[in-house]
$ cat protein-v5.pdb   # PDB, C-alpha atoms
ATOM      1  CA  MET A   1       0.000   0.000   0.000
ATOM      2  CA  ARG A   2       1.373   3.424  -0.924
ATOM      3  CA  PRO A   3       0.145   6.162   1.425
ATOM      4  CA  LYS A   4      -1.471   9.169  -0.180
ATOM      5  CA  PRO A   5       0.679  12.337  -0.479
ATOM      6  CA  PHE A   6      -1.214  14.185   2.266
ATOM      7  CA  VAL A   7      -0.547  11.316   4.686
ATOM      8  CA  ASN A   8       3.156  11.340   3.784
ATOM      9  CA  ALA A   9       3.264  15.081   4.354
ATOM     10  CA  LEU A  10       1.422  14.770   7.669
ATOM     11  CA  LEU A  11       3.715  12.038   8.992
ATOM     12  CA  ALA A  12       6.870  13.787   7.738
ATOM     13  CA  GLY A  13       5.792  17.018   9.423
ATOM     14  CA  ALA A  14       5.041  15.199  12.659
ATOM     15  CA  ALA A  15       8.430  13.474  12.603
ATOM     16  CA  LEU A  16      10.321  16.685  11.779
ATOM     17  CA  SER A  17       8.496  18.637  14.465
ATOM     18  CA  GLY A  18      10.118  16.431  17.067
ATOM     19  CA  SER A  19      13.656  16.606  15.699
ATOM     20  CA  ALA A  20      14.563  20.158  16.694
ATOM     21  CA  SER A  21      17.600  20.169  18.956
ATOM     22  CA  ALA A  22      15.863  22.631  21.295
ATOM     23  CA  TRP A  23      13.239  19.978  22.086
ATOM     24  CA  ALA A  24      15.818  17.292  22.787
ATOM     25  CA  HIS A  25      16.572  18.612  26.268
ATOM     26  CA  GLY A  26      14.635  20.297  29.003
ATOM     27  CA  ASN A  27      15.249  23.873  30.110
ATOM     28  CA  PHE A  28      18.199  24.308  32.439
ATOM     29  CA  GLY A  29      18.761  20.582  32.825
ATOM     30  CA  ALA A  30      15.140  19.657  33.520
ATOM     31  CA  ASP A  31      14.186  16.120  32.548
ATOM     32  CA  THR A  32      11.686  17.255  29.927
ATOM     33  CA  SER A  33      11.907  16.102  26.344
ATOM     34  CA  ILE A  34       9.639  15.255  23.460
ATOM     35  CA  TRP A  35      11.435  11.888  23.351
ATOM     36  CA  THR A  36      10.586  11.009  26.965
ATOM     37  CA  ALA A  37       7.150   9.697  25.998
ATOM     38  CA  THR A  38       8.640   7.690  23.133
ATOM     39  CA  ALA A  39      11.072   6.021  25.515
ATOM     40  CA  HIS A  40       8.285   5.269  27.997
ATOM     41  CA  LEU A  41       6.039   3.809  25.284
ATOM     42  CA  PHE A  42       8.698   1.595  23.721
ATOM     43  CA  THR A  43       9.918   0.278  27.083
ATOM     44  CA  SER A  44       6.424  -0.552  28.350
ATOM     45  CA  PRO A  45       5.394  -4.085  27.309
ATOM     46  CA  LEU A  46       1.734  -3.229  27.851
ATOM     47  CA  SER A  47       1.885  -0.140  25.622
ATOM     48  CA  LEU A  48       3.518  -2.132  22.842
ATOM     49  CA  ALA A  49       1.023  -4.968  23.306
ATOM     50  CA  ALA A  50      -1.859  -2.474  22.982
ATOM     51  CA  LEU A  51      -0.590  -1.096  19.664
ATOM     52  CA  ILE A  52       0.362  -4.495  18.238
ATOM     53  CA  GLY A  53      -2.976  -5.924  19.345
ATOM     54  CA  LEU A  54      -4.764  -3.041  17.624
ATOM     55  CA  ALA A  55      -3.023  -3.891  14.335
ATOM     56  CA  LEU A  56      -3.956  -7.555  14.781
ATOM     57  CA  VAL A  57      -7.651  -6.952  15.396
ATOM     58  CA  LEU A  58      -7.956  -4.265  12.694
ATOM     59  CA  PHE A  59      -5.965  -6.381  10.253
ATOM     60  CA  GLY A  60      -6.481  -5.227   6.693
ATOM     61  CA  ILE A  61      -8.426  -1.992   7.217
ATOM     62  CA  ARG A  62      -7.852   0.515   4.427
ATOM     63  CA  GLU A  63      -5.972   3.790   4.624
ATOM     64  CA  PRO A  64      -8.630   6.426   5.353
ATOM     65  CA  LEU A  65      -9.932   4.436   8.307
ATOM     66  CA  SER A  66      -6.438   3.500   9.493
ATOM     67  CA  VAL A  67      -5.397   7.178   9.570
ATOM     68  CA  LEU A  68      -8.506   8.025  11.590
ATOM     69  CA  ALA A  69      -7.904   5.069  13.930
ATOM     70  CA  ALA A  70      -4.269   6.122  14.480
ATOM     71  CA  ALA A  71      -5.299   9.728  15.216
ATOM     72  CA  LEU A  72      -7.982   8.551  17.632
ATOM     73  CA  ALA A  73      -5.511   6.243  19.398
ATOM     74  CA  ALA A  74      -3.051   9.149  19.741
ATOM     75  CA  THR A  75      -5.742  11.451  21.170
ATOM     76  CA  ALA A  76      -6.897   8.787  23.622
ATOM     77  CA  ALA A  77      -3.286   8.135  24.694
ATOM     78  CA  VAL A  78      -2.738  11.822  25.461
ATOM     79  CA  LEU A  79      -6.003  12.036  27.436
ATOM     80  CA  ALA A  80      -5.137   8.859  29.350
ATOM     81  CA  THR A  81      -1.702  10.299  30.160
ATOM     82  CA  LEU A  82      -3.276  13.493  31.480
ATOM     83  CA  LEU A  83      -5.796  11.535  33.581
ATOM     84  CA  SER A  84      -3.483   8.673  34.565
ATOM     85  CA  THR A  85      -3.811   9.409  38.291
ATOM     86  CA  HIS A  86      -7.574   8.828  38.037
ATOM     87  CA  ILE A  87      -7.367   5.635  35.954
ATOM     88  CA  PRO A  88      -7.084   2.384  37.968
ATOM     89  CA  ALA A  89      -4.000   0.278  37.223
ATOM     90  CA  VAL A  90      -6.098  -2.639  35.949
ATOM     91  CA  VAL A  91      -7.786  -0.630  33.178
ATOM     92  CA  ALA A  92      -4.847  -0.852  30.753
ATOM     93  CA  PRO A  93      -4.374  -4.633  31.099
ATOM     94  CA  ALA A  94      -8.142  -5.201  30.838
ATOM     95  CA  ALA A  95      -8.310  -3.132  27.643
ATOM     96  CA  VAL A  96      -5.402  -5.051  26.110
ATOM     97  CA  VAL A  97      -7.017  -8.386  27.054
ATOM     98  CA  VAL A  98     -10.185  -7.325  25.188
ATOM     99  CA  ILE A  99      -8.107  -6.312  22.148
ATOM    100  CA  GLY A 100      -6.036  -9.501  22.217
ATOM    101  CA  LEU A 101      -9.059 -11.780  22.573
ATOM    102  CA  SER A 102     -10.766  -9.944  19.705
ATOM    103  CA  ALA A 103      -7.761 -10.818  17.534
ATOM    104  CA  VAL A 104      -7.843 -14.433  18.747
ATOM    105  CA  ALA A 105     -11.509 -14.672  17.768
ATOM    106  CA  GLY A 106     -10.650 -13.403  14.273
ATOM    107  CA  TRP A 107     -13.280 -10.697  14.625
ATOM    108  CA  ARG A 108     -13.668  -8.241  11.754
ATOM    109  CA  PRO A 109     -15.103  -5.152  13.449
ATOM    110  CA  SER A 110     -17.193  -2.538  11.686
ATOM    111  CA  ALA A 111     -15.841   0.978  11.198
ATOM    112  CA  ALA A 112     -17.464   2.234  14.400
ATOM    113  CA  PHE A 113     -16.091  -0.646  16.478
ATOM    114  CA  SER A 114     -12.686  -0.206  14.831
ATOM    115  CA  LEU A 115     -12.553   3.366  16.104
ATOM    116  CA  LEU A 116     -13.738   2.252  19.544
ATOM    117  CA  LEU A 117     -10.954  -0.351  19.692
ATOM    118  CA  ALA A 118      -8.450   2.296  18.549
ATOM    119  CA  ALA A 119      -9.521   4.565  21.406
ATOM    120  CA  LEU A 120      -9.282   1.625  23.824
ATOM    121  CA  ALA A 121      -5.761   0.812  22.615
ATOM    122  CA  GLY A 122      -4.770   4.465  22.976
ATOM    123  CA  VAL A 123      -6.069   4.588  26.552
ATOM    124  CA  ALA A 124      -4.145   1.410  27.366
ATOM    125  CA  ALA A 125      -0.923   2.636  25.727
ATOM    126  CA  GLY A 126      -1.087   6.065  27.353
ATOM    127  CA  SER A 127      -1.895   4.885  30.866
ATOM    128  CA  ALA A 128       0.631   2.012  30.714
ATOM    129  CA  ALA A 129       3.421   4.392  29.644
ATOM    130  CA  ASP A 130       3.286   5.748  33.209
ATOM    131  CA  LEU A 131       4.414   9.324  32.607
ATOM    132  CA  GLU A 132       4.426  11.292  35.843
ATOM    133  CA  GLN A 133       3.375  14.953  35.665
ATOM    134  CA  PRO A 134       3.625  15.174  31.853
ATOM    135  CA  ARG A 135       4.360  18.543  30.267
ATOM    136  CA  TRP A 136       3.504  19.646  26.746
ATOM    137  CA  GLN A 137       6.731  18.161  25.353
ATOM    138  CA  GLU A 138       5.888  14.691  26.655
ATOM    139  CA  LEU A 139       2.276  14.996  25.503
ATOM    140  CA  THR A 140       3.415  16.035  22.016
ATOM    141  CA  GLY A 141       5.839  13.117  21.920
ATOM    142  CA  MET A 142       3.094  10.753  23.077
ATOM    143  CA  ALA A 143       0.704  11.885  20.336
ATOM    144  CA  VAL A 144       3.329  11.720  17.572
ATOM    145  CA  THR A 145       4.705   8.341  18.670
ATOM    146  CA  VAL A 146       1.336   6.642  19.059
ATOM    147  CA  MET A 147      -0.022   8.019  15.787
ATOM    148  CA  ILE A 148       3.005   7.073  13.694
ATOM    149  CA  THR A 149       3.425   3.651  15.317
ATOM    150  CA  ALA A 150      -0.263   2.761  15.051
ATOM    151  CA  PHE A 151      -0.517   3.962  11.450
ATOM    152  CA  TRP A 152       2.528   2.052  10.243
ATOM    153  CA  LEU A 153       1.497  -1.134  12.058
ATOM    154  CA  LEU A 154      -1.923  -0.879  10.401
ATOM    155  CA  ALA A 155      -0.302  -0.127   7.024
ATOM    156  CA  LEU A 156       1.979  -3.145   7.414
ATOM    157  CA  ALA A 157      -1.019  -5.330   8.252
ATOM    158  CA  ASP A 158      -2.868  -4.000   5.197
ATOM    159  CA  ASN A 159       0.148  -4.686   2.973
ATOM    160  CA  LEU A 160       0.321  -8.278   4.221
ATOM    161  CA  ASN A 161      -3.412  -8.710   3.735
ATOM    162  CA  ARG A 162      -3.334  -7.420   0.153
ATOM    163  CA  SER A 163      -0.074  -9.046  -0.947
ATOM    164  CA  GLY A 164      -1.641 -12.444  -1.553
ATOM    165  CA  ARG A 165       1.225 -14.181   0.236
ATOM    166  CA  PHE A 166       0.841 -16.118   3.455
ATOM    167  CA  GLN A 167      -2.954 -16.058   3.136
ATOM    168  CA  THR A 168      -3.207 -19.463   4.778
ATOM    169  CA  LEU A 169      -0.873 -18.468   7.618
ATOM    170  CA  ILE A 170      -2.276 -15.014   8.385
ATOM    171  CA  PRO A 171      -5.399 -16.149  10.310
ATOM    172  CA  LEU A 172      -3.302 -18.528  12.426
ATOM    173  CA  ALA A 173      -0.641 -15.877  13.040
ATOM    174  CA  ARG A 174      -3.308 -13.365  14.124
ATOM    175  CA  ARG A 175      -4.702 -15.837  16.638
ATOM    176  CA  VAL A 176      -1.285 -16.822  18.030
ATOM    177  CA  LEU A 177      -0.041 -13.235  18.351
ATOM    178  CA  GLY A 178      -3.404 -12.146  19.762
ATOM    179  CA  SER A 179      -3.162 -14.837  22.434
ATOM    180  CA  TRP A 180       0.339 -13.605  23.340
ATOM    181  CA  VAL A 181      -0.974 -10.043  23.622
ATOM    182  CA  ALA A 182      -3.822 -11.214  25.887
ATOM    183  CA  ALA A 183      -1.432 -13.361  27.967
ATOM    184  CA  ILE A 184       0.973 -10.441  28.512
ATOM    185  CA  ALA A 185      -1.929  -8.244  29.586
ATOM    186  CA  LEU A 186      -3.302 -10.905  31.962
ATOM    187  CA  LEU A 187       0.115 -11.365  33.548
ATOM    188  CA  LEU A 188       0.708  -7.634  33.997
ATOM    189  CA  GLY A 189      -2.851  -7.137  35.251
ATOM    190  CA  ALA A 190      -2.336  -9.860  37.848
ATOM    191  CA  LEU A 191       0.937  -8.246  38.932
ATOM    192  CA  ALA A 192      -0.819  -4.875  39.249
ATOM    193  CA  LEU A 193      -3.519  -6.421  41.433
ATOM    194  CA  VAL A 194      -0.957  -8.211  43.613
ATOM    195  CA  SER A 195       1.123  -5.082  44.090
ATOM    196  CA  LYS A 196      -1.995  -3.119  44.989
ATOM    197  CA  THR A 197      -3.028  -5.584  47.716
ATOM    198  CA  THR A 198       0.468  -5.812  49.250
TER
END
$ encode --input "protein-v5.pdb" --output "structure tokens"
Amino acid sequence: MRPKPFVNALLAGAALSGSASAWAHGNFGADTSIWTATAHLFTSPLSLAALIGLALVLFGIREPLSVLAAALAATAAVLATLLSTHIPAVVAPAAVVVIGLSAVAGWRPSAAFSLLLAALAGVAAGSAADLEQPRWQELTGMAVTVMITAFWLLALADNLNRSGRFQTLIPLARRVLGSWVAAIALLLGALALVSKTT
């Protein structure tokens, strides 16, 4: 799949907006950077599981809907980061379990449910990233990282779906990877519950 020119321009602008050297460091040595959220997202197994699970359950959706789903996931991730102190620790694992089990079931959601699952994945990714007292740099980094990652995972899934190769293996792979996503979420959810009771 070749993205349309406006999508290329949008993603290139988003990537370049985070590459200014002034954004790479906080003011006067403060630990504030647009890359902080990226590091938190890519080192959180639950955040990665949420985005991978989203690509598995929305496997093969076309570009206009995938761009909207990625933008919705990014918005939900930023809102979840802002409200992370009010979101219980089990919400993110529960959301990822729902996404993973949807992939295991081989469900093909409608457009409305696709957007709902994208928002759910964004909430899970944002709250699992565990950013404390985020500033605008971290929130910008969160939005850019989630949108680009979600879009390219969905584009990769669409390319695989339309390539004609591995058509017999794709349903099995979706179910296996979806079960891994659900298992990771169940394990981390159980650990969150245990740590809360101790």
$ residues_around --input "protein-v5.pdb" --residues "A:Pro134" --least-positions-apart "4" --cutoff "8 Å" --atoms "all atoms listed in the file" --output "list in words"
Thr81, Leu82, Glu138 and Leu139 of chain A
$ axis_aligned_box --input "protein-v5.pdb" --around "stretch 169-181 of chain A" --padding-each-side "3 Å" --output "lines of an AutoDock Vina configuration file"
center_x = -2.5
center_y = -14.3
center_z = 15.6
size_x = 11.7
size_y = 14.5
size_z = 22.0
$ atom_distance --input "protein-v5.pdb" --atom1 "atom CA of A:Gly100" --atom2 "atom CA of A:Leu117"
10.7 Å
$ closest_atom_pairs --input "protein-v5.pdb" --of "stretch 92-126 of chain A" --to "stretch 45-63 of chain A" --cutoff "6 Å" --atoms "all atoms listed in the file" --output "CSV"
residue,atom,partner,partner_atom,distance
A:Val96,CA,A:Ala50,CA,5.4
A:Ile99,CA,A:Gly53,CA,5.9
A:Gly100,CA,A:Gly53,CA,5.5
A:Ala103,CA,A:Val57,CA,4.4
A:Ala121,CA,A:Ala50,CA,5.1
A:Ala125,CA,A:Ser47,CA,3.9
$ resolve_selection --input "protein-v5.pdb" --expression "the PyMOL selection byres ((chain A and resi 34) around 6)" --output "list in words"
Ser33, Trp35, Thr36, Gln137, Glu138 and Gly141 of chain A
$ residues_near_point --input "protein-v5.pdb" --point "(0.7, -9.7, 30.1)" --cutoff "12 Å" --atoms "all atoms listed in the file" --output "number ranges by chain"
A: 44-50, 53, 90, 92-97, 100, 128, 178-192
$ atom_distance --input "protein-v5.pdb" --atom1 "atom CA of A:Leu83" --atom2 "atom CA of A:Val67"
24.4 Å
$ closest_residue --input "protein-v5.pdb" --among "A:Leu116, A:Met142, A:Leu160, A:Leu72" --to "A:Ala129" --atoms "all atoms listed in the file"
A:Met142
$ residues_around --input "protein-v5.pdb" --residues "A:Ala77" --least-positions-apart "4" --cutoff "6 Å" --atoms "all atoms listed in the file" --output "list in words"
Gly122, Val123 and Gly126 of chain A
$ atom_distance --input "protein-v5.pdb" --atom1 "atom CA of A:Leu115" --atom2 "atom CA of A:Ala74"
11.7 Å
$ closest_residue --input "protein-v5.pdb" --among "A:Leu120, A:Ala150, A:Ala155, A:Ile170" --to "A:Leu79" --atoms "only C-alpha atoms"
A:Leu120
$ decode --input "protein-v5.pdb" --residues "stretch 106-170 of chain A" --atoms "C-alpha atoms" --output "mmCIF file, in the first residue's frame"
data_model
loop_
_atom_site.group_PDB
_atom_site.id
_atom_site.type_symbol
_atom_site.label_atom_id
_atom_site.label_comp_id
_atom_site.auth_asym_id
_atom_site.auth_seq_id
_atom_site.Cartn_x
_atom_site.Cartn_y
_atom_site.Cartn_z
ATOM 1 C CA GLY A 106 -10.650 -13.403 14.273
ATOM 2 C CA TRP A 107 -13.280 -10.697 14.625
ATOM 3 C CA ARG A 108 -13.668 -8.241 11.754
ATOM 4 C CA PRO A 109 -15.103 -5.152 13.449
ATOM 5 C CA SER A 110 -17.193 -2.538 11.686
ATOM 6 C CA ALA A 111 -15.841 0.978 11.198
ATOM 7 C CA ALA A 112 -17.464 2.234 14.400
ATOM 8 C CA PHE A 113 -16.091 -0.646 16.478
ATOM 9 C CA SER A 114 -12.686 -0.206 14.831
ATOM 10 C CA LEU A 115 -12.553 3.366 16.104
ATOM 11 C CA LEU A 116 -13.738 2.252 19.544
ATOM 12 C CA LEU A 117 -10.954 -0.351 19.692
ATOM 13 C CA ALA A 118 -8.450 2.296 18.549
ATOM 14 C CA ALA A 119 -9.521 4.565 21.406
ATOM 15 C CA LEU A 120 -9.282 1.625 23.824
ATOM 16 C CA ALA A 121 -5.761 0.812 22.615
ATOM 17 C CA GLY A 122 -4.770 4.465 22.976
ATOM 18 C CA VAL A 123 -6.069 4.588 26.552
ATOM 19 C CA ALA A 124 -4.145 1.410 27.366
ATOM 20 C CA ALA A 125 -0.923 2.636 25.727
ATOM 21 C CA GLY A 126 -1.087 6.065 27.353
ATOM 22 C CA SER A 127 -1.895 4.885 30.866
ATOM 23 C CA ALA A 128 0.631 2.012 30.714
ATOM 24 C CA ALA A 129 3.421 4.392 29.644
ATOM 25 C CA ASP A 130 3.286 5.748 33.209
ATOM 26 C CA LEU A 131 4.414 9.324 32.607
ATOM 27 C CA GLU A 132 4.426 11.292 35.843
ATOM 28 C CA GLN A 133 3.375 14.953 35.665
ATOM 29 C CA PRO A 134 3.625 15.174 31.853
ATOM 30 C CA ARG A 135 4.360 18.543 30.267
ATOM 31 C CA TRP A 136 3.504 19.646 26.746
ATOM 32 C CA GLN A 137 6.731 18.161 25.353
ATOM 33 C CA GLU A 138 5.888 14.691 26.655
ATOM 34 C CA LEU A 139 2.276 14.996 25.503
ATOM 35 C CA THR A 140 3.415 16.035 22.016
ATOM 36 C CA GLY A 141 5.839 13.117 21.920
ATOM 37 C CA MET A 142 3.094 10.753 23.077
ATOM 38 C CA ALA A 143 0.704 11.885 20.336
ATOM 39 C CA VAL A 144 3.329 11.720 17.572
ATOM 40 C CA THR A 145 4.705 8.341 18.670
ATOM 41 C CA VAL A 146 1.336 6.642 19.059
ATOM 42 C CA MET A 147 -0.022 8.019 15.787
ATOM 43 C CA ILE A 148 3.005 7.073 13.694
ATOM 44 C CA THR A 149 3.425 3.651 15.317
ATOM 45 C CA ALA A 150 -0.263 2.761 15.051
ATOM 46 C CA PHE A 151 -0.517 3.962 11.450
ATOM 47 C CA TRP A 152 2.528 2.052 10.243
ATOM 48 C CA LEU A 153 1.497 -1.134 12.058
ATOM 49 C CA LEU A 154 -1.923 -0.879 10.401
ATOM 50 C CA ALA A 155 -0.302 -0.127 7.024
ATOM 51 C CA LEU A 156 1.979 -3.145 7.414
ATOM 52 C CA ALA A 157 -1.019 -5.330 8.252
ATOM 53 C CA ASP A 158 -2.868 -4.000 5.197
ATOM 54 C CA ASN A 159 0.148 -4.686 2.973
ATOM 55 C CA LEU A 160 0.321 -8.278 4.221
ATOM 56 C CA ASN A 161 -3.412 -8.710 3.735
ATOM 57 C CA ARG A 162 -3.334 -7.420 0.153
ATOM 58 C CA SER A 163 -0.074 -9.046 -0.947
ATOM 59 C CA GLY A 164 -1.641 -12.444 -1.553
ATOM 60 C CA ARG A 165 1.225 -14.181 0.236
ATOM 61 C CA PHE A 166 0.841 -16.118 3.455
ATOM 62 C CA GLN A 167 -2.954 -16.058 3.136
ATOM 63 C CA THR A 168 -3.207 -19.463 4.778
ATOM 64 C CA LEU A 169 -0.873 -18.468 7.618
ATOM 65 C CA ILE A 170 -2.276 -15.014 8.385
#
